[in-house]
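Peer 1: Structure incoming, see below.
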Amino acid sequence: MKNFFSVNDVPDLKQFVEKAKAVKASPFEDKTLGENKTLGLIFLNPSLRTRLSTQKAGLNLGMQVMVMNMGQEGWALETRDGVAMDGTTVEHIREAAGVIGQYCDVVGFRSFPSLKDREEDYNETLFNKFMEFCAVPLISLESATRHPLQSFADLLTIEEHKTVTKPKVVLSWAPHVKALPQAVPNSFAEWMNRAEKEGMIDFCITHPKGYELADEFTGNSRIIYDQEEAINDADFVYVKNWSSYHDYGKVISTDKNWMIAPDQLSKNTKVMHCLPVRRDVELASAILDGPQSLVQKEAGNRLWAAQTVLKEILTSDS
Amino acid sequence: MKNFFSVNDVPDLKQFVEKAKAVKASPFEDKTLGENKTLGLIFLNPSLRTRLSTQKAGLNLGMQVMVMNMGQEGWALETRDGVAMDGTTVEHIREAAGVIGQYCDVVGFRSFPSLKDREEDYNETLFNKFMEFCAVPLISLESATRHPLQSFADLLTIEEHKTVTKPKVVLSWAPHVKALPQAVPNSFAEWMNRAEKEGMIDFCITHPKGYELADEFTGNSRIIYDQEEAINDADFVYVKNWSSYHDYGKVISTDKNWMIAPDQLSKNTKVMHCLPVRRDVELASAILDGPQSLVQKEAGNRLWAAQTVLKEILTSDS
Amino acid sequence: MKNFFSVNDVPDLKQFVEKAKAVKASPFEDKTLGENKTLGLIFLNPSLRTRLSTQKAGLNLGMQVMVMNMGQEGWALETRDGVAMDGTTVEHIREAAGVIGQYCDVVGFRSFPSLKDREEDYNETLFNKFMEFCAVPLISLESATRHPLQSFADLLTIEEHKTVTKPKVVLSWAPHVKALPQAVPNSFAEWMNRAEKEGMIDFCITHPKGYELADEFTGNSRIIYDQEEAINDADFVYVKNWSSYHDYGKVISTDKNWMIAPDQLSKNTKVMHCLPVRRDVELASAILDGPQSLVQKEAGNRLWAAQTVLKEILTSDS
């Protein structure tokens, strides 16, 4: 594994889950693997789970970890080529990425979409440029269109908690007060489609009309516009808000009925969310605090997802 | 020791001071104790001494340390239960604390009071919720009503510098330009009361009328409203501003006479302050820069206080 | 070496470059040198290269590294003596430096000039006070008037890429949209003058009239106001903007002709810049992206410069 940007960087999904389980069982087994290796974690946007879990993953592998919040500690980066930098951006991403790559053996990079220019966001311009110029292996800590460490942790959580061979997994849109990126649902759909192809799960999506995600992520997934029907007998419901892809970055529904009520859930249905979650806006407190919630398990598994990816990169590297 | 929140978490005060002296004498003796253990330091408010001394304490014990400034690197946390999170808070403390606890073996947490709602502040709502949901041992890096690492360092400093068996210790209010929390004086009073009970010191408090601290912290301590009388022949004067507890969070005096003049001090009196200090507002430069000041010693002892507490938690844990 | 503030702290320049080459050849050879030693990196201003390269340098030497951005994580420091601190500054640099020095074995400190009060800036008041009160060895991570780690990395880069025994090095002013400090060109001139004295290079400076740097840095360096003439047959052109020293802190030219065009360069001329660089304002993209640019090499050498300085301090110390 050279970079970790999407599920396409994973050659064998089932094996990758098994590797994560092995890492989770023996977290400190590979402490010499990262000796004299430095992991740089560069954030253009805020982070809690991703920051702490990836930092700890590196430390568990014996790496040195340097965390940098560009917005607070550094300055604004220019990403466009061919413009005279006479405005507010202080450094071009070409220079910044090249420099950071020289001080690190592996880099993690987070950058949210603008939600203004769909083409630019979906071309992953910023991430791709960073990847090109930093030269060393790059791990996505969430890019404009994907959050693969989250999706990997989600898949691991499903595999750990499934009670049938091929569980039914539903991605269910939820209301929110802000316009959010499509990165988490895109990435989840991409990973679940792959898992479905490998016979691990059954997958479908439910959301209000107008919230269709980009085809490149949802592929042939069934979309069921009736939430009640979609989540019926689901083994796992993955709750998440996102803004519109087609009317790009817009909030086109705030329908509170899309927040699943506790009595809508079958008793065997597990509920997932990537966090942070708006309580009683996206997801009812009664569900979050009850036995059907897996949200803390998912967050815990972020560590093993990150450590597995890092281990994979470090071992491919040597 | 499971958590470190107040002096009540310390079973034997004299022994605890002796432990700190031993740690100070051999800082690197326990470097294997923290192996494969992670200390997370979570700040909702700024910090200099607490941040650096606790980080170094963890490192001295061989721990991995992750520092997170929620305000800058993360986002606003919701602390109220039963409200729909449709405002500016992004994540509930239930989720955040639960997640952080999963990545850490010990967590340090700092959160200042609002100084608006006394009941909420004095119930230590935020700290208690964090403690409940993070599940792992929690160290207060200053909460709404207490700053126990500071008080422990102060007691250690007094023990190191006393020239009589039972020195006279005076907590003396000082003017300031802002309304400050009562956490430091509360905590100091609580620790000194305990030390007095154990026969280690004599303790009294001096401040303008209206600045009485909460009974739960001052207990039966003498309050002497005449500063001159109170500090007369004191072995240690602990200078600190705080805002009113009774007229909650208000500045009710800015009387400059309450800043102790150098010639008011007996020559054997040592002067203490937790820092940061407003020079020539709270405390005269001539005192701070002179031989009677212990402020740097106190700050230096913050390291040994933190390391002793961490060691105690790590050894109780195993 | 006790402190690293200017080229005057380096007893033997040629030997110092050789030491850096040795460190670069075996980065992890001295991993036990920093055992149980703590490096504190204190930033009053933003940083990318300096922060990451110095942090990594400490880690390579086995040190513990604590990074603190005072503006974001801490508070405003008072630097003036003899004033009552009744304004916005929260802590005096006397206290802050004293405290930080107690938790660290070596401290790195960054503080930019005000560009308002030349005397204060050029007296290096802030840096000198920090050095006085922190008591442990202090490394400049850029002060009001100098950036010695940058200049050391620049000299190393020149030594690695020279093709003649005594290359011609030209410092060339460039336009910018903001008023920048003189620290980088001052420091570069100071190091190049010393290198010239030791027979390592030939040095001259070119800039528009009015941009003369302070004599204490440029010494007897030739100033050539005709850029074309100055850079003709140069082996190295060091491009940098700075604001006026004489009309202190002012931008007195924005003449775009001072941005070197690719066709103005001889084909053997190497181009240098400390970064961050404003593309197509200070330096043409075509040069930055072409084979004559050494900017990434300089940035890479920042690590070895920092590690050499740290090693020197650690070995002098023991």
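Residue numbering restarts at 1 in every chain; chains get A, B, ... in the order shown in the structure tokens, and ligands count up from 1 in that same order.
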What are the closest atom pairs, with distances in Å to one decimal, for all residues of chain B lying within 6 Å of chain C? Consider only C-alpha atoms, order rows by chain and residue number, and present the result as a tab-separated table.

Peer 2:
```
residue	atom	partner	partner_atom	distance
B:Pro46	CA	C:Gly74	CA	5.0
B:Ser47	CA	C:Gly74	CA	5.4
B:Leu48	CA	C:Gly74	CA	5.9
B:Val177	CA	C:Asp86	CA	6.0
B:Pro276	CA	C:Glu91	CA	5.2
B:Val277	CA	C:Glu91	CA	6.0
B:Arg278	CA	C:Met85	CA	5.2
B:Arg279	CA	C:Met85	CA	5.5
B:Asp280	CA	C:Ala84	CA	4.7
B:Val281	CA	C:Ala84	CA	5.9
B:Gly300	CA	C:Gln102	CA	5.8
```

Peer 1: Got time to write the residues from that selection, all heavy atoms, as a CSV table (one decimal), in the first residue's frame?

Peer 2:
```
chain,number,residue,atom,x,y,z
B,46,PRO,N,-7.1,28.1,27.9
B,46,PRO,CA,-5.7,28.2,27.7
B,46,PRO,C,-4.9,27.7,28.9
B,46,PRO,O,-5.4,27.7,30.0
B,46,PRO,CB,-5.5,29.7,27.5
B,46,PRO,CG,-6.8,30.3,27.1
B,46,PRO,CD,-7.8,29.4,27.8
B,47,SER,N,-3.6,27.4,28.7
B,47,SER,CA,-2.8,26.9,29.8
B,47,SER,C,-1.3,27.0,29.4
B,47,SER,O,-1.0,26.8,28.2
B,47,SER,CB,-3.1,25.4,30.0
B,47,SER,OG,-2.2,24.8,30.9
B,48,LEU,N,-0.5,27.3,30.3
B,48,LEU,CA,1.0,27.3,30.1
B,48,LEU,C,1.6,26.3,31.0
B,48,LEU,O,2.1,25.3,30.6
B,48,LEU,CB,1.6,28.7,30.3
B,48,LEU,CG,3.1,28.8,30.2
B,48,LEU,CD1,3.7,28.4,28.9
B,48,LEU,CD2,3.6,30.2,30.6
B,177,VAL,N,-7.7,43.3,37.2
B,177,VAL,CA,-8.5,44.0,36.3
B,177,VAL,C,-9.7,43.2,35.7
B,177,VAL,O,-10.6,43.7,35.1
B,177,VAL,CB,-7.7,44.6,35.1
B,177,VAL,CG1,-6.6,45.6,35.6
B,177,VAL,CG2,-7.0,43.4,34.3
B,276,PRO,N,-0.4,32.8,36.1
B,276,PRO,CA,0.2,34.1,35.8
B,276,PRO,C,-0.2,35.2,36.7
B,276,PRO,O,-1.3,35.2,37.2
B,276,PRO,CB,-0.4,34.4,34.4
B,276,PRO,CG,-1.7,33.7,34.3
B,276,PRO,CD,-1.5,32.5,35.2
B,277,VAL,N,0.7,36.1,36.9
B,277,VAL,CA,0.5,37.3,37.8
B,277,VAL,C,0.5,38.6,37.1
B,277,VAL,O,1.4,38.8,36.2
B,277,VAL,CB,1.5,37.2,39.0
B,277,VAL,CG1,2.9,37.5,38.5
B,277,VAL,CG2,1.1,38.3,40.0
B,278,ARG,N,-0.4,39.5,37.4
B,278,ARG,CA,-0.3,40.8,36.9
B,278,ARG,C,0.6,41.6,37.7
B,278,ARG,O,0.3,42.0,38.9
B,278,ARG,CB,-1.7,41.4,36.9
B,278,ARG,CG,-2.8,40.7,36.1
B,278,ARG,CD,-2.7,41.3,34.6
B,278,ARG,NE,-3.8,40.7,33.8
B,278,ARG,CZ,-4.4,41.3,32.8
B,278,ARG,NH1,-4.0,42.6,32.5
B,278,ARG,NH2,-5.3,40.7,32.1
B,279,ARG,N,1.8,41.9,37.2
B,279,ARG,CA,2.8,42.7,38.0
B,279,ARG,C,2.3,44.1,38.3
B,279,ARG,O,1.7,44.8,37.4
B,279,ARG,CB,4.1,42.8,37.1
B,279,ARG,CG,4.9,41.5,37.1
B,279,ARG,CD,6.1,41.7,36.3
B,279,ARG,NE,7.0,40.6,36.6
B,279,ARG,CZ,8.2,40.7,37.3
B,279,ARG,NH1,8.6,41.9,37.6
B,279,ARG,NH2,8.9,39.7,37.6
B,280,ASP,N,2.5,44.5,39.5
B,280,ASP,CA,2.2,45.8,40.0
B,280,ASP,C,0.7,46.1,39.9
B,280,ASP,O,0.2,47.2,40.0
B,280,ASP,CB,3.0,46.9,39.3
B,280,ASP,CG,4.5,46.7,39.6
B,280,ASP,OD1,4.8,46.5,40.7
B,280,ASP,OD2,5.3,46.7,38.6
B,281,VAL,N,-0.1,45.0,39.8
B,281,VAL,CA,-1.6,45.1,40.0
B,281,VAL,C,-1.9,44.2,41.2
B,281,VAL,O,-2.5,44.6,42.2
B,281,VAL,CB,-2.3,44.7,38.7
B,281,VAL,CG1,-3.8,44.7,38.9
B,281,VAL,CG2,-2.0,45.7,37.6
B,300,GLY,N,7.9,25.4,39.3
B,300,GLY,CA,8.8,24.2,39.1
B,300,GLY,C,8.2,23.0,39.8
B,300,GLY,O,8.3,21.9,39.2
```

Peer 1: Extract, using only C-alpha atoms, all DNA, RNA and protein residues at most 10 Å from Asn8 (chain A), discarding same-chain residues fewer than 3 positions from it, and format them as a list of chain:residue names.

Peer 2: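 Here the qualifying residues turn out to be A:Phe4, A:Phe5, A:Pro11, A:Asp12, A:Leu13, A:Glu190, A:Trp191, A:Arg194.
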
Peer 1: Dump all heavy atoms for the selected residues as a tab-separated table (two decimals), in the first residue's frame?

Peer 2:
```tsv
chain	number	residue	atom	x	y	z
A	4	PHE	N	-3.32	5.83	1.11
A	4	PHE	CA	-4.64	5.35	1.54
A	4	PHE	C	-5.61	6.50	1.33
A	4	PHE	O	-5.71	7.42	2.15
A	4	PHE	CB	-4.60	4.90	2.99
A	4	PHE	CG	-5.91	4.32	3.46
A	4	PHE	CD1	-6.36	3.09	2.98
A	4	PHE	CD2	-6.71	5.00	4.38
A	4	PHE	CE1	-7.57	2.55	3.41
A	4	PHE	CE2	-7.92	4.46	4.82
A	4	PHE	CZ	-8.35	3.24	4.33
A	5	PHE	N	-6.32	6.42	0.21
A	5	PHE	CA	-7.21	7.51	-0.18
A	5	PHE	C	-8.64	7.02	-0.35
A	5	PHE	O	-9.60	7.74	-0.09
A	5	PHE	CB	-6.68	8.11	-1.49
A	5	PHE	CG	-7.58	9.12	-2.10
A	5	PHE	CD1	-7.82	10.33	-1.45
A	5	PHE	CD2	-8.18	8.88	-3.32
A	5	PHE	CE1	-8.67	11.28	-2.02
A	5	PHE	CE2	-9.02	9.82	-3.90
A	5	PHE	CZ	-9.26	11.03	-3.24
A	11	PRO	N	-6.36	-4.05	-1.52
A	11	PRO	CA	-6.44	-5.15	-2.50
A	11	PRO	C	-7.47	-6.21	-2.10
A	11	PRO	O	-8.19	-6.71	-2.93
A	11	PRO	CB	-5.04	-5.75	-2.52
A	11	PRO	CG	-4.20	-4.94	-1.59
A	11	PRO	CD	-5.05	-4.00	-0.84
A	12	ASP	N	-7.53	-6.53	-0.80
A	12	ASP	CA	-8.41	-7.63	-0.36
A	12	ASP	C	-9.15	-7.18	0.89
A	12	ASP	O	-8.57	-7.09	1.97
A	12	ASP	CB	-7.54	-8.87	-0.07
A	12	ASP	CG	-8.39	-10.09	0.28
A	12	ASP	OD1	-9.44	-9.92	0.94
A	12	ASP	OD2	-7.98	-11.20	-0.09
A	13	LEU	N	-10.44	-6.91	0.75
A	13	LEU	CA	-11.20	-6.29	1.83
A	13	LEU	C	-11.33	-7.20	3.06
A	13	LEU	O	-11.15	-6.76	4.19
A	13	LEU	CB	-12.60	-5.90	1.32
A	13	LEU	CG	-13.31	-4.76	2.05
A	13	LEU	CD1	-12.50	-3.49	2.01
A	13	LEU	CD2	-14.69	-4.51	1.43
A	190	GLU	N	-19.18	3.61	-0.93
A	190	GLU	CA	-18.10	3.01	-1.72
A	190	GLU	C	-17.59	1.72	-1.06
A	190	GLU	O	-17.37	0.70	-1.73
A	190	GLU	CB	-16.98	4.04	-1.85
A	190	GLU	CG	-15.96	3.74	-2.90
A	190	GLU	CD	-14.98	4.92	-3.10
A	190	GLU	OE1	-14.48	5.47	-2.09
A	190	GLU	OE2	-14.73	5.27	-4.25
A	191	TRP	N	-17.39	1.78	0.26
A	191	TRP	CA	-16.91	0.60	1.00
A	191	TRP	C	-17.99	-0.48	1.06
A	191	TRP	O	-17.70	-1.67	0.93
A	191	TRP	CB	-16.45	0.99	2.41
A	191	TRP	CG	-15.10	1.64	2.41
A	191	TRP	CD1	-14.78	2.87	1.92
A	191	TRP	CD2	-13.87	1.08	2.91
A	191	TRP	NE1	-13.44	3.12	2.09
A	191	TRP	CE2	-12.86	2.05	2.70
A	191	TRP	CE3	-13.53	-0.12	3.52
A	191	TRP	CZ2	-11.54	1.84	3.08
A	191	TRP	CZ3	-12.21	-0.33	3.91
A	191	TRP	CH2	-11.23	0.64	3.68
A	194	ARG	N	-18.37	-2.32	-2.23
A	194	ARG	CA	-17.28	-3.28	-2.36
A	194	ARG	C	-17.54	-4.51	-1.48
A	194	ARG	O	-17.37	-5.66	-1.92
A	194	ARG	CB	-15.97	-2.60	-1.97
A	194	ARG	CG	-14.77	-3.50	-1.88
A	194	ARG	CD	-14.14	-3.78	-3.25
A	194	ARG	NE	-12.90	-4.53	-3.05
A	194	ARG	CZ	-11.71	-3.98	-2.81
A	194	ARG	NH1	-11.56	-2.66	-2.84
A	194	ARG	NH2	-10.64	-4.74	-2.60
```

Peer 1: Determine which residues of region 150-296 of chain B receive a DSSP assignment of helix (DSSP H, G or I), computed from the backbone, and state them as a compact mmCIF listing (two decimals) with C-alpha atoms, in the first residue's frame.

Peer 2:
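Dumped everything to out_7.txt:
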```txt
# COMPACT_ATOMS: atom_id res chain seq x y z
CA GLN B 150 -1.58 23.77 41.82
CA SER B 151 -2.50 23.32 45.49
CA PHE B 152 -0.42 20.17 45.75
CA ALA B 153 2.60 21.99 44.28
CA ASP B 154 1.96 24.84 46.71
CA LEU B 155 1.92 22.50 49.70
CA LEU B 156 5.12 20.86 48.51
CA THR B 157 6.73 24.30 48.20
CA ILE B 158 5.65 25.24 51.72
CA GLU B 159 7.02 21.99 53.10
CA GLU B 160 10.34 22.57 51.35
CA HIS B 161 10.73 26.14 52.53
CA ALA B 183 -10.79 27.76 41.70
CA VAL B 184 -7.27 28.52 42.92
CA PRO B 185 -8.22 30.07 46.30
CA ASN B 186 -10.92 27.44 46.89
CA SER B 187 -8.48 24.69 46.25
CA PHE B 188 -5.70 26.30 48.27
CA ALA B 189 -8.06 26.75 51.23
CA GLU B 190 -9.22 23.15 50.94
CA TRP B 191 -5.67 21.81 50.95
CA MET B 192 -4.51 24.14 53.73
CA ASN B 193 -7.47 23.20 55.91
CA ARG B 194 -6.54 19.58 55.50
CA ALA B 195 -2.88 20.38 56.23
CA GLU B 196 -3.95 22.29 59.32
CA LYS B 197 -5.99 19.33 60.52
CA ASP B 215 -17.96 27.39 53.18
CA GLU B 216 -17.29 24.00 51.67
CA PHE B 217 -13.74 25.18 50.91
CA THR B 218 -12.90 27.48 53.80
CA GLN B 227 -4.77 42.52 55.81
CA GLU B 228 -1.99 44.15 57.84
CA GLU B 229 -2.97 42.16 60.89
CA ALA B 230 -3.42 38.95 58.93
CA ILE B 231 -0.04 38.92 57.23
CA LYS B 256 -5.18 49.12 45.30
CA ASN B 257 -4.29 49.05 48.99
CA TRP B 258 -4.87 45.32 48.88
CA PRO B 262 7.21 45.47 50.00
CA ASP B 263 7.58 47.29 53.32
CA GLN B 264 4.48 45.55 54.68
CA SER B 285 7.52 43.76 40.94
CA ALA B 286 9.89 44.51 43.79
CA ILE B 287 8.53 41.50 45.67
CA LEU B 288 8.38 39.23 42.61
CA VAL B 295 6.62 31.91 42.60
CA GLN B 296 9.19 30.20 40.38
```

Peer 1: So which residues touch Phe109 (chain C) within 9 Å, counting only C-alpha atoms, skipping near sequence neighbours fewer than 2 positions away, as number ranges by chain?

Peer 2: C: 40-44, 107, 111, 127, 130, 138-143

Peer 1: Excluding same-chain residues fewer than 3 positions from Gly62 (chain C), what lies within 6 Å of it counting only C-alpha atoms, as a PyMOL selection string?

Peer 2: chain C and resi 31-32+34-35+59

Peer 1: For those residues, write all heavy atoms to a file as a PDB file, in the first residue's frame.

Peer 2:
```pdb
ATOM      1  N   LYS C  31      20.961   9.004  18.960  1.00  0.00           N
ATOM      2  CA  LYS C  31      19.632   8.891  19.584  1.00  0.00           C
ATOM      3  C   LYS C  31      19.655   8.809  21.102  1.00  0.00           C
ATOM      4  O   LYS C  31      18.662   9.059  21.762  1.00  0.00           O
ATOM      5  CB  LYS C  31      18.890   7.669  19.025  1.00  0.00           C
ATOM      6  CG  LYS C  31      18.152   7.988  17.748  1.00  0.00           C
ATOM      7  CD  LYS C  31      16.938   7.106  17.549  1.00  0.00           C
ATOM      8  CE  LYS C  31      15.695   7.668  18.177  1.00  0.00           C
ATOM      9  NZ  LYS C  31      14.465   6.977  17.725  1.00  0.00           N
ATOM     10  N   THR C  32      20.789   8.455  21.673  1.00  0.00           N
ATOM     11  CA  THR C  32      20.847   8.388  23.141  1.00  0.00           C
ATOM     12  C   THR C  32      21.242   9.733  23.754  1.00  0.00           C
ATOM     13  O   THR C  32      21.062   9.952  24.944  1.00  0.00           O
ATOM     14  CB  THR C  32      21.861   7.327  23.611  1.00  0.00           C
ATOM     15  OG1 THR C  32      23.132   7.633  23.035  1.00  0.00           O
ATOM     16  CG2 THR C  32      21.419   5.928  23.172  1.00  0.00           C
ATOM     17  N   GLY C  34      19.938  12.633  23.592  1.00  0.00           N
ATOM     18  CA  GLY C  34      18.857  13.442  24.156  1.00  0.00           C
ATOM     19  C   GLY C  34      18.003  12.720  25.177  1.00  0.00           C
ATOM     20  O   GLY C  34      16.988  13.256  25.619  1.00  0.00           O
ATOM     21  N   GLU C  35      18.421  11.540  25.565  1.00  0.00           N
ATOM     22  CA  GLU C  35      17.634  10.762  26.527  1.00  0.00           C
ATOM     23  C   GLU C  35      17.352  11.574  27.786  1.00  0.00           C
ATOM     24  O   GLU C  35      18.262  12.179  28.359  1.00  0.00           O
ATOM     25  CB  GLU C  35      18.403   9.484  26.885  1.00  0.00           C
ATOM     26  CG  GLU C  35      17.522   8.311  27.214  1.00  0.00           C
ATOM     27  CD  GLU C  35      18.344   7.097  27.624  1.00  0.00           C
ATOM     28  OE1 GLU C  35      19.529   7.022  27.238  1.00  0.00           O
ATOM     29  OE2 GLU C  35      17.805   6.246  28.335  1.00  0.00           O
ATOM     30  N   LEU C  59      13.588  14.964  18.061  1.00  0.00           N
ATOM     31  CA  LEU C  59      13.189  13.559  18.114  1.00  0.00           C
ATOM     32  C   LEU C  59      14.303  12.661  17.601  1.00  0.00           C
ATOM     33  O   LEU C  59      14.573  11.598  18.170  1.00  0.00           O
ATOM     34  CB  LEU C  59      11.904  13.349  17.306  1.00  0.00           C
ATOM     35  CG  LEU C  59      10.660  14.090  17.823  1.00  0.00           C
ATOM     36  CD1 LEU C  59       9.502  14.001  16.819  1.00  0.00           C
ATOM     37  CD2 LEU C  59      10.210  13.577  19.189  1.00  0.00           C
TER      38      LEU C  59
END
```

Peer 1: Between B:His207, B:Val309, B:Gln292, B:Gly249, which residue has the minimum interatomic distance to Ser266 (chain B), considering only C-alpha atoms?

Peer 2: B:Gln292

Peer 1: May I have the residues within 6 Å of Leu303 (chain B) as a list in words, using only C-alpha atoms and disregarding those fewer than 2 positions away in the same chain?

Peer 2: Ser53, Ala57, Asn301, Ala305 and Ala306 of chain B

Peer 1: Take the residues from that selection and put them in a file with N, CA and C atoms, as a tab-separated table (two decimals), in the first residue's frame.

Peer 2:
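Written output follows (selection.tsv):
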```
chain	number	residue	atom	x	y	z
B	53	SER	N	3.90	21.25	32.31
B	53	SER	CA	4.36	20.42	33.43
B	53	SER	C	3.70	19.04	33.40
B	57	ALA	N	5.53	15.56	32.84
B	57	ALA	CA	5.35	14.53	33.87
B	57	ALA	C	5.05	13.19	33.22
B	301	ASN	N	7.61	23.15	40.93
B	301	ASN	CA	7.03	22.00	41.64
B	301	ASN	C	5.76	21.46	40.99
B	305	ALA	N	4.36	17.58	41.26
B	305	ALA	CA	2.98	17.31	41.68
B	305	ALA	C	2.29	16.45	40.63
B	306	ALA	N	2.39	16.86	39.37
B	306	ALA	CA	1.73	16.11	38.30
B	306	ALA	C	2.30	14.70	38.17
```

Peer 1: By how many Å are CA of His147 (chain A) and CA of Arg302 (chain A) apart?

Peer 2: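 CA of Arg302 (chain A) lies at a distance of 11.3 Å from CA of His147 (chain A).
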